[in-house]
$ cat protein14.txt   # compact mmCIF, C-alpha atoms
# COMPACT_ATOMS: atom_id res chain seq x y z
CA MET A 574 7.41 5.83 -15.45
CA THR A 575 6.68 7.40 -12.09
CA GLY A 576 8.92 9.29 -9.68
CA ALA A 577 12.59 10.14 -10.06
CA GLN A 578 12.15 10.86 -13.77
CA TYR A 579 14.56 13.07 -15.63
CA ARG A 580 14.82 14.50 -19.11
CA PHE A 581 18.19 15.90 -20.08
CA ARG A 582 19.04 17.65 -23.35
CA SER A 583 22.52 18.63 -24.43
CA THR A 584 23.87 20.16 -27.61
CA TRP A 585 27.56 19.86 -28.34
CA LEU A 586 29.18 21.89 -31.11
CA LEU A 587 32.38 20.23 -32.35
CA PRO A 588 34.19 22.64 -34.69
CA GLY A 589 36.46 21.34 -37.42
CA THR A 590 35.27 17.74 -37.17
CA ALA A 591 33.32 15.78 -39.78
CA PRO A 592 29.98 14.26 -38.68
CA GLU A 593 31.18 10.78 -39.67
CA ARG A 594 34.12 11.03 -37.28
CA VAL A 595 31.90 12.21 -34.40
CA PHE A 596 29.40 9.41 -35.11
CA ASP A 597 32.17 6.80 -35.07
CA VAL A 598 33.58 8.01 -31.75
CA VAL A 599 30.27 8.38 -29.89
CA THR A 600 29.00 4.98 -31.01
CA ASP A 601 32.22 3.29 -29.80
CA LEU A 602 31.26 2.90 -26.14
CA ALA A 603 34.46 1.03 -25.28
CA GLY A 604 36.42 4.18 -26.13
CA TYR A 605 34.55 6.54 -23.79
CA PRO A 606 37.07 6.37 -20.92
CA ARG A 607 39.74 7.71 -23.34
CA TRP A 608 37.98 11.04 -23.63
CA TRP A 609 35.31 11.26 -20.91
CA SER A 610 36.77 11.32 -17.40
CA ASP A 611 33.41 10.59 -15.74
CA VAL A 612 33.14 7.24 -17.54
CA ARG A 613 35.38 5.18 -15.30
CA ALA A 614 34.97 1.76 -16.96
CA VAL A 615 33.21 0.01 -19.81
CA ARG A 616 32.54 -3.70 -20.03
CA ARG A 617 31.33 -5.23 -23.27
CA VAL A 618 28.36 -7.53 -22.66
CA ASP A 619 27.69 -8.47 -26.31
CA ASP A 620 27.89 -6.88 -29.78
CA ASP A 621 25.05 -4.47 -28.97
CA THR A 622 25.38 -4.00 -25.22
CA ALA A 623 27.94 -2.46 -22.89
CA GLU A 624 27.92 -1.70 -19.17
CA LEU A 625 29.30 1.69 -18.16
CA VAL A 626 30.42 2.76 -14.71
CA CYS A 627 30.15 6.53 -14.28
CA ARG A 628 31.14 8.76 -11.43
CA SER A 629 31.08 12.51 -11.40
CA ARG A 630 31.61 14.84 -8.42
CA LEU A 631 28.98 13.37 -6.12
CA PRO A 632 30.15 10.47 -3.91
CA PHE A 633 28.37 7.65 -5.73
CA ARG A 634 28.65 5.83 -9.01
CA ILE A 635 26.04 5.00 -11.62
CA VAL A 636 26.16 1.64 -13.40
CA VAL A 637 24.11 1.54 -16.56
CA ARG A 638 23.78 -0.91 -19.42
CA MET A 639 23.45 0.63 -22.84
CA HIS A 640 21.85 -1.57 -25.49
CA ARG A 641 21.96 -0.39 -29.11
CA ASP A 642 18.39 0.00 -30.33
CA HIS A 643 19.02 2.00 -33.52
CA GLN A 644 22.18 3.20 -35.23
CA ASP A 645 22.24 4.75 -38.71
CA GLU A 646 25.40 6.53 -39.77
CA ARG A 647 23.75 7.73 -43.00
CA THR A 648 21.15 9.77 -41.08
CA GLY A 649 23.37 10.42 -38.05
CA LEU A 650 20.73 9.03 -35.69
CA MET A 651 21.29 6.65 -32.78
CA ARG A 652 19.26 5.38 -29.85
CA VAL A 653 20.17 3.13 -26.94
CA ARG A 654 18.02 1.59 -24.26
CA LEU A 655 19.33 2.10 -20.74
CA SER A 656 18.92 -0.26 -17.81
CA GLY A 657 20.46 -0.62 -14.38
CA ASP A 658 20.73 2.41 -12.10
CA LEU A 659 18.92 4.37 -14.82
CA ASP A 660 16.16 2.99 -17.07
CA GLY A 661 15.05 4.70 -20.24
CA THR A 662 16.48 5.86 -23.53
CA LEU A 663 19.30 7.99 -24.84
CA THR A 664 18.99 9.35 -28.36
CA GLY A 665 21.60 11.17 -30.36
CA ALA A 666 21.63 13.07 -33.62
CA VAL A 667 24.83 14.02 -35.43
CA ARG A 668 24.71 16.57 -38.23
CA ALA A 669 26.95 18.96 -40.08
CA ALA A 670 27.00 22.52 -38.71
CA GLY A 671 29.10 24.97 -40.67
CA ALA A 672 32.70 23.79 -40.54
CA GLY A 673 31.99 21.26 -37.83
CA THR A 674 29.41 18.98 -36.29
CA LEU A 675 26.48 19.36 -33.95
CA LEU A 676 25.70 16.49 -31.59
CA GLU A 677 22.28 16.63 -29.93
CA ILE A 678 21.72 14.27 -27.00
CA THR A 679 18.40 13.58 -25.27
CA GLN A 680 18.09 11.33 -22.25
CA ASP A 681 14.71 10.25 -20.86
CA VAL A 682 15.41 8.24 -17.74
CA GLN A 683 13.97 7.03 -14.49
CA ALA A 684 16.36 6.60 -11.59
CA ARG A 685 16.41 3.05 -10.25
CA LYS A 686 19.35 3.43 -7.91
CA LYS A 687 17.95 3.46 -4.38
CA LEU A 688 20.01 6.49 -3.32
CA LEU A 689 18.77 8.59 -6.26
CA ARG A 690 15.15 7.60 -5.65
CA ARG A 691 15.32 8.22 -1.91
CA PHE A 692 16.72 11.74 -2.24
CA ASP A 693 15.05 12.74 -5.52
CA THR A 694 12.68 15.27 -3.99
CA VAL A 695 15.26 17.24 -2.03
CA ALA A 696 18.39 16.64 -4.12
CA ARG A 697 16.92 16.92 -7.64
CA PRO A 698 18.58 20.32 -8.30
CA LEU A 699 21.92 18.89 -7.16
CA PHE A 700 21.50 15.78 -9.34
CA ARG A 701 20.62 17.95 -12.34
CA ALA A 702 23.63 20.23 -11.73
CA ASN A 703 25.90 17.20 -11.37
CA HIS A 704 24.61 15.82 -14.67
CA ALA A 705 25.17 19.19 -16.39
CA LEU A 706 28.79 19.26 -15.15
CA MET A 707 29.33 15.71 -16.33
CA MET A 708 28.00 16.54 -19.78
CA ARG A 709 30.17 19.67 -19.92
CA ARG A 710 33.26 17.55 -19.16
CA GLY A 711 32.15 15.05 -21.80
CA HIS A 712 31.85 17.84 -24.38
CA ARG A 713 35.28 19.24 -23.50
CA GLY A 714 36.83 15.77 -23.50
CA LEU A 715 35.35 14.85 -26.87
CA SER A 716 36.41 18.19 -28.38
CA ALA A 717 40.00 17.66 -27.20
CA TYR A 718 40.03 14.02 -28.33
CA LEU A 719 38.83 14.94 -31.83
CA ALA A 720 41.29 17.84 -32.20
$ encode --input "protein14.txt" --output "structure tokens"
Amino acid sequence: MTGAQYRFRSTWLLPGTAPERVFDVVTDLAGYPRWWSDVRAVRRVDDDTAELVCRSRLPFRIVVRMHRDHQDERTGLMRVRLSGDLDGTLTGAVRAAGAGTLLEITQDVQARKKLLRRFDTVARPLFRANHALMMRRGHRGLSAYLA
């Protein structure tokens, strides 16, 4: 991959929730709009693929297909391949942490959306901040949904 590459890492602590419950919710892509306000729509493509429309605070939307590559509830590991406005992978690991669950998310992506590529050099800090805010809202939304 060259240009407009991003690596994002997030760690979400979800107190009072069993890892199995977290795994079930985060692998149910169709349910994301119920708890994550930045995920505006989800369209099922097939049993292993869904198309998500996301929009955060910046005045554009991201459309990305997520295709299940690996999902193992026993180990708490999952990986999806991303295509569309972002190409790459998203991996997740769910594990018990005290009286709750820790969800670790890593995204390795290359922007394909023309707007993101065109302004990558000057707007990268803004894009990264926007992503951080989106992930923060996702964490809060998931915490509230699981409570």
$ residues_around --input "protein14.txt" --residues "region 649-659 of chain A" --least-positions-apart "6" --cutoff "12 Å" --atoms "all atoms listed in the file" --output "PyMOL selection string"
chain A and resi 574+577-580+591-597+599-602+621-627+633-643+665-669+674-690
$ atom_distance --input "protein14.txt" --atom1 "CA of Tyr718 (chain A)" --atom2 "CA of Thr648 (chain A)"
23.2 Å
$ atom_distance --input "protein14.txt" --atom1 "CA of Pro698 (chain A)" --atom2 "CA of Gly711 (chain A)"
19.9 Å
$ atom_distance --input "protein14.txt" --atom1 "CA of Thr584 (chain A)" --atom2 "CA of Met707 (chain A)"
13.3 Å
$ closest_residue --input "protein14.txt" --among "A:Arg617, A:Thr590, A:Phe692, A:His712" --to "Gly671 (chain A)" --atoms "all atoms listed in the file"
A:Thr590
$ closest_residue --input "protein14.txt" --among "A:Ser716, A:Ser629, A:Arg607, A:Val615" --to "His704 (chain A)" --atoms "all atoms listed in the file"
A:Ser629
$ closest_residue --input "protein14.txt" --among "A:Val598, A:Asp611, A:Gly604, A:Leu586" --to "Arg710 (chain A)" --atoms "all atoms listed in the file"
A:Asp611
